[in-house]
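One file, final15.txt, carrying compact mmCIF, C-alpha atoms:
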# COMPACT_ATOMS: atom_id res chain seq x y z
CA MET A 7 -29.25 34.02 -39.15
CA THR A 8 -27.10 35.65 -36.43
CA GLU A 9 -24.90 34.67 -33.51
CA ASP A 10 -27.55 36.08 -31.18
CA PRO A 11 -29.94 33.31 -30.09
CA ILE A 12 -32.31 35.79 -28.39
CA ALA A 13 -32.57 37.78 -31.63
CA GLU A 14 -33.37 34.60 -33.53
CA LEU A 15 -36.13 33.77 -31.07
CA ILE A 16 -37.60 37.28 -31.34
CA VAL A 17 -37.67 36.99 -35.14
CA LYS A 18 -39.46 33.64 -34.82
CA CYS A 19 -41.94 35.22 -32.38
CA ALA A 20 -42.74 37.81 -35.04
CA ALA A 21 -43.89 34.86 -37.15
CA GLN A 22 -46.16 33.78 -34.22
CA ASP A 23 -43.96 30.77 -33.33
CA ARG A 24 -45.21 29.72 -29.88
CA ALA A 25 -42.30 27.34 -29.23
CA ALA A 26 -39.86 30.18 -29.88
CA PHE A 27 -41.85 32.39 -27.51
CA ARG A 28 -41.60 29.75 -24.76
CA ALA A 29 -37.86 29.45 -25.38
CA LEU A 30 -37.50 33.25 -25.35
CA TYR A 31 -39.26 33.40 -21.98
CA ARG A 32 -37.12 30.59 -20.60
CA ASP A 33 -33.88 32.20 -21.77
CA SER A 34 -34.57 35.82 -20.85
CA SER A 35 -37.12 36.06 -18.04
CA ALA A 36 -34.67 35.80 -15.13
CA LYS A 37 -32.53 38.68 -16.37
CA LEU A 38 -35.55 40.83 -17.20
CA MET A 39 -37.07 40.12 -13.78
CA GLY A 40 -33.82 41.41 -12.29
CA VAL A 41 -34.17 44.62 -14.30
CA PHE A 42 -37.73 45.10 -13.06
CA LEU A 43 -36.85 44.35 -9.44
CA ARG A 44 -33.94 46.78 -9.51
CA ILE A 45 -36.12 49.60 -10.84
CA LEU A 46 -39.52 48.90 -9.27
CA ARG A 47 -38.33 47.38 -5.97
CA GLU A 48 -41.61 45.50 -5.47
CA ARG A 49 -41.80 41.85 -6.48
CA SER A 50 -45.51 41.77 -7.28
CA GLU A 51 -45.25 44.84 -9.49
CA ALA A 52 -42.14 43.41 -11.16
CA GLU A 53 -44.01 40.19 -11.92
CA ASP A 54 -46.90 42.14 -13.44
CA ALA A 55 -44.47 44.20 -15.50
CA LEU A 56 -42.71 41.04 -16.72
CA GLN A 57 -46.02 39.63 -17.93
CA GLU A 58 -46.84 42.90 -19.67
CA LEU A 59 -43.40 42.92 -21.30
CA TYR A 60 -43.90 39.48 -22.86
CA THR A 61 -47.34 40.51 -24.09
CA ARG A 62 -45.70 43.48 -25.79
CA VAL A 63 -42.94 41.31 -27.23
CA TRP A 64 -45.50 38.89 -28.68
CA THR A 65 -47.46 41.70 -30.34
CA ARG A 66 -44.48 43.85 -31.38
CA ALA A 67 -41.77 41.33 -32.24
CA GLY A 68 -42.08 42.36 -35.89
CA ARG A 69 -40.59 45.75 -34.98
CA PHE A 70 -37.31 44.18 -33.89
CA ASP A 71 -34.46 44.72 -36.33
CA ALA A 72 -31.57 42.33 -35.69
CA ALA A 73 -29.29 44.53 -37.78
CA LYS A 74 -29.70 47.42 -35.30
CA GLY A 75 -28.91 45.58 -32.10
CA ARG A 76 -28.83 42.48 -30.01
CA GLY A 77 -32.01 40.75 -28.88
CA MET A 78 -31.38 40.96 -25.16
CA THR A 79 -30.53 44.65 -25.45
CA TRP A 80 -33.86 45.23 -27.18
CA LEU A 81 -35.72 43.33 -24.44
CA ILE A 82 -33.91 45.21 -21.67
CA ALA A 83 -34.74 48.54 -23.32
CA ILE A 84 -38.42 47.59 -23.41
CA ALA A 85 -38.26 46.44 -19.78
CA ARG A 86 -36.54 49.61 -18.65
CA ASN A 87 -39.02 51.86 -20.44
CA LEU A 88 -41.96 49.86 -19.10
CA ALA A 89 -40.61 50.06 -15.54
CA ILE A 90 -40.05 53.81 -15.82
CA ASP A 91 -43.60 54.24 -17.16
CA ARG A 92 -44.89 52.30 -14.16
CA LEU A 93 -42.89 54.49 -11.78
CA ARG A 94 -44.28 57.62 -13.39
CA SER A 95 -47.85 56.34 -13.15
CA ARG A 96 -47.59 55.79 -9.40
CA PRO A 97 -49.59 58.31 -7.42
CA ALA A 98 -47.54 61.31 -6.37
CA PRO A 99 -47.08 61.87 -2.67
CA SER A 100 -49.58 64.23 -1.13
CA SER A 101 -48.57 67.87 -1.17
CA ASP A 102 -50.11 68.28 2.28
CA ASP A 103 -47.26 68.19 4.76
CA GLY A 104 -49.37 66.05 7.09
CA LEU A 105 -47.42 67.06 10.14
CA ASP A 106 -50.55 66.93 12.26
CA THR A 107 -51.03 63.23 11.44
CA VAL A 108 -47.42 62.08 11.84
CA GLU A 109 -46.96 59.66 14.70
CA ASP A 110 -44.09 60.03 17.11
CA ASN A 111 -42.22 56.81 16.42
CA SER A 112 -39.34 57.61 18.73
CA PRO A 113 -38.86 54.96 21.40
CA HIS A 114 -40.31 55.53 24.85
CA ALA A 115 -37.96 56.21 27.76
CA GLU A 116 -38.13 52.63 29.02
CA THR A 117 -37.32 51.24 25.56
CA ARG A 118 -34.37 53.63 25.21
CA LEU A 119 -33.00 52.61 28.62
CA ILE A 120 -33.26 48.92 27.74
CA ALA A 121 -31.55 49.53 24.39
CA GLU A 122 -28.76 51.53 26.05
CA GLY A 123 -28.23 48.71 28.57
CA GLU A 124 -28.08 46.13 25.78
CA ALA A 125 -25.63 48.31 23.84
CA ARG A 126 -23.42 48.54 26.95
CA ARG A 127 -23.58 44.75 27.36
CA ILE A 128 -22.59 44.21 23.74
CA GLY A 129 -19.76 46.71 24.10
CA ASP A 130 -18.55 44.93 27.25
CA CYS A 131 -18.64 41.59 25.44
CA PHE A 132 -16.70 43.03 22.51
CA ALA A 133 -14.10 44.22 25.03
CA THR A 134 -13.47 40.58 25.98
CA LEU A 135 -12.25 39.89 22.42
CA GLU A 136 -8.74 40.62 21.26
CA PRO A 137 -8.73 43.99 19.44
CA ASP A 138 -7.97 42.52 16.00
CA ARG A 139 -10.72 39.89 16.42
CA ALA A 140 -13.23 42.54 17.50
CA ALA A 141 -12.25 44.69 14.51
CA ALA A 142 -12.71 41.70 12.19
CA VAL A 143 -16.19 40.95 13.57
CA ARG A 144 -17.18 44.62 13.21
CA GLY A 145 -15.80 44.66 9.67
CA ALA A 146 -17.69 41.52 8.68
CA TYR A 147 -21.03 42.15 10.35
CA LEU A 148 -21.28 45.93 10.53
CA SER A 149 -19.35 47.02 7.45
CA GLY A 150 -20.17 44.03 5.25
CA LEU A 151 -16.58 43.18 4.37
CA SER A 152 -15.91 39.76 2.86
CA TYR A 153 -13.61 37.15 4.36
CA THR A 154 -11.07 37.92 1.65
CA GLU A 155 -11.12 41.66 2.36
CA LEU A 156 -10.78 41.06 6.10
CA ALA A 157 -7.93 38.59 5.62
CA ALA A 158 -6.08 41.13 3.50
CA ARG A 159 -6.79 43.96 5.94
CA HIS A 160 -5.48 41.95 8.92
CA ASP A 161 -2.72 40.24 6.91
CA VAL A 162 -3.78 36.70 7.81
CA PRO A 163 -4.68 33.67 5.67
CA LEU A 164 -8.30 33.33 4.60
CA ASN A 165 -8.99 30.24 6.72
CA THR A 166 -7.48 31.96 9.74
CA MET A 167 -9.93 34.82 9.27
CA ARG A 168 -12.82 32.37 9.10
CA THR A 169 -11.63 30.76 12.33
CA TRP A 170 -11.27 34.16 14.02
CA LEU A 171 -14.82 35.11 13.12
CA ARG A 172 -16.35 31.77 14.10
CA ARG A 173 -14.56 31.66 17.47
CA SER A 174 -15.28 35.34 18.15
CA LEU A 175 -18.98 34.85 17.50
CA VAL A 176 -19.07 31.85 19.84
CA LYS A 177 -17.31 33.90 22.52
CA LEU A 178 -19.72 36.83 22.05
CA LYS A 179 -22.72 34.49 22.24
CA GLU A 180 -21.43 32.94 25.47
CA CYS A 181 -20.84 36.40 26.95
CA LEU A 182 -24.30 37.65 25.99
CA ASP A 183 -26.00 34.51 27.29
CA GLN A 184 -24.64 35.10 30.81
What would the structure in this file look like if it were written as structure tokens?
Amino acid sequence: MTEDPIAELIVKCAAQDRAAFRALYRDSSAKLMGVFLRILRERSEAEDALQELYTRVWTRAGRFDAAKGRGMTWLIAIARNLAIDRLRSRPAPSSDDGLDTVEDNSPHAETRLIAEGEARRIGDCFATLEPDRAAAVRGAYLSGLSYTELAARHDVPLNTMRTWLRRSLVKLKECLDQ
């Protein structure tokens, strides 16, 4: 038929082929779950949407036209539209500003003082590291840079960067445990 195995499975599903439907689920569900999670951001809702999507595919597979597009593209379009419909059907936030019911979640004075003291301790421990090591730790754990990016930034081999980070973390732990 085509070079698109997903499209072939969809066409077989249109003929009510249960084995093809199982294979379609096996081959496409992970990617479609990713689409739902990215849009809906809630796993349980994404799982419900995935189930609804396959129900729709089973009942509407006859509408798929392999000449117009690829099978996975068709499935992703259905998933995207279904997710957007679910987002639109969520209850809208209340128009009442609700300022009288908002809790003051700011930390109490004691909590702030403890946090400031801990921040000072961490800063003091960072000061015990060599400046390039401290910058590498900040880059890795505060900025999310990869080992490769850090190695390039500091002009050192990749394994050297790994060693820097491991030894720096051990030194920070020892300092904080005192």
Separation of CA of Asn111 in chain A from CA of Arg144 in chain A, in Å and rounded to one decimal
28.0 Å
Counting all atoms listed in the file, which residues have an atom no more than 12 Å from (-41.5, 46.9, -16.5) in the file's coordinates? Please list them as a ChimeraX atom specification.
/A:35,38-62,81-95
For each of A:Ala25, A:Ala157, A:Leu119, A:Ala72, take the minimum atom-to-atom distance to Ala141 in chain A, counting only C-alpha atoms, then give the residue where this is smallest.
A:Ala157
In Å and to one decimal, CA of Ile128 in chain A is distant from CA of Leu182 in chain A by 7.1 Å
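Excluding Ser174 in chain A itself and same-chain residues fewer than 5 positions from it, the residues having an atom within 12 Å of it are Cys131, Phe132, Ala133, Thr134, Leu135, Glu136, Pro137, Asp138, Arg139, Ala140, Ala141, Ala142, Val143, Arg144, Ala146, Tyr147, Thr166, Met167, Arg168, Thr169, Lys179, Glu180 and Cys181 of chain A, counting only C-alpha atoms.
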Mind giving me the straight-line distance from CA of Gly145 in chain A to CA of Arg172 in chain A in Å, one decimal?
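Going from CA of Gly145 in chain A over to CA of Arg172 in chain A, I get 13.6 Å.
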Could you give me, as a list in words, the residues within 7 Å of range 19-23 of chain A, counting all atoms listed in the file and dropping anything in the same chain fewer than 2 positions from it?
Leu15, Ile16, Val17, Ala25, Ala26, Phe27, Trp64, Ala67 and Gly68 of chain A
Would you kindly identify which residues have an atom no farther than 6 Å from (-29.2, 36.6, -27.6), using only C-alpha atoms and the file's own coordinates, and write them out as a ChimeraX atom specification?
/A:10-13,77-78
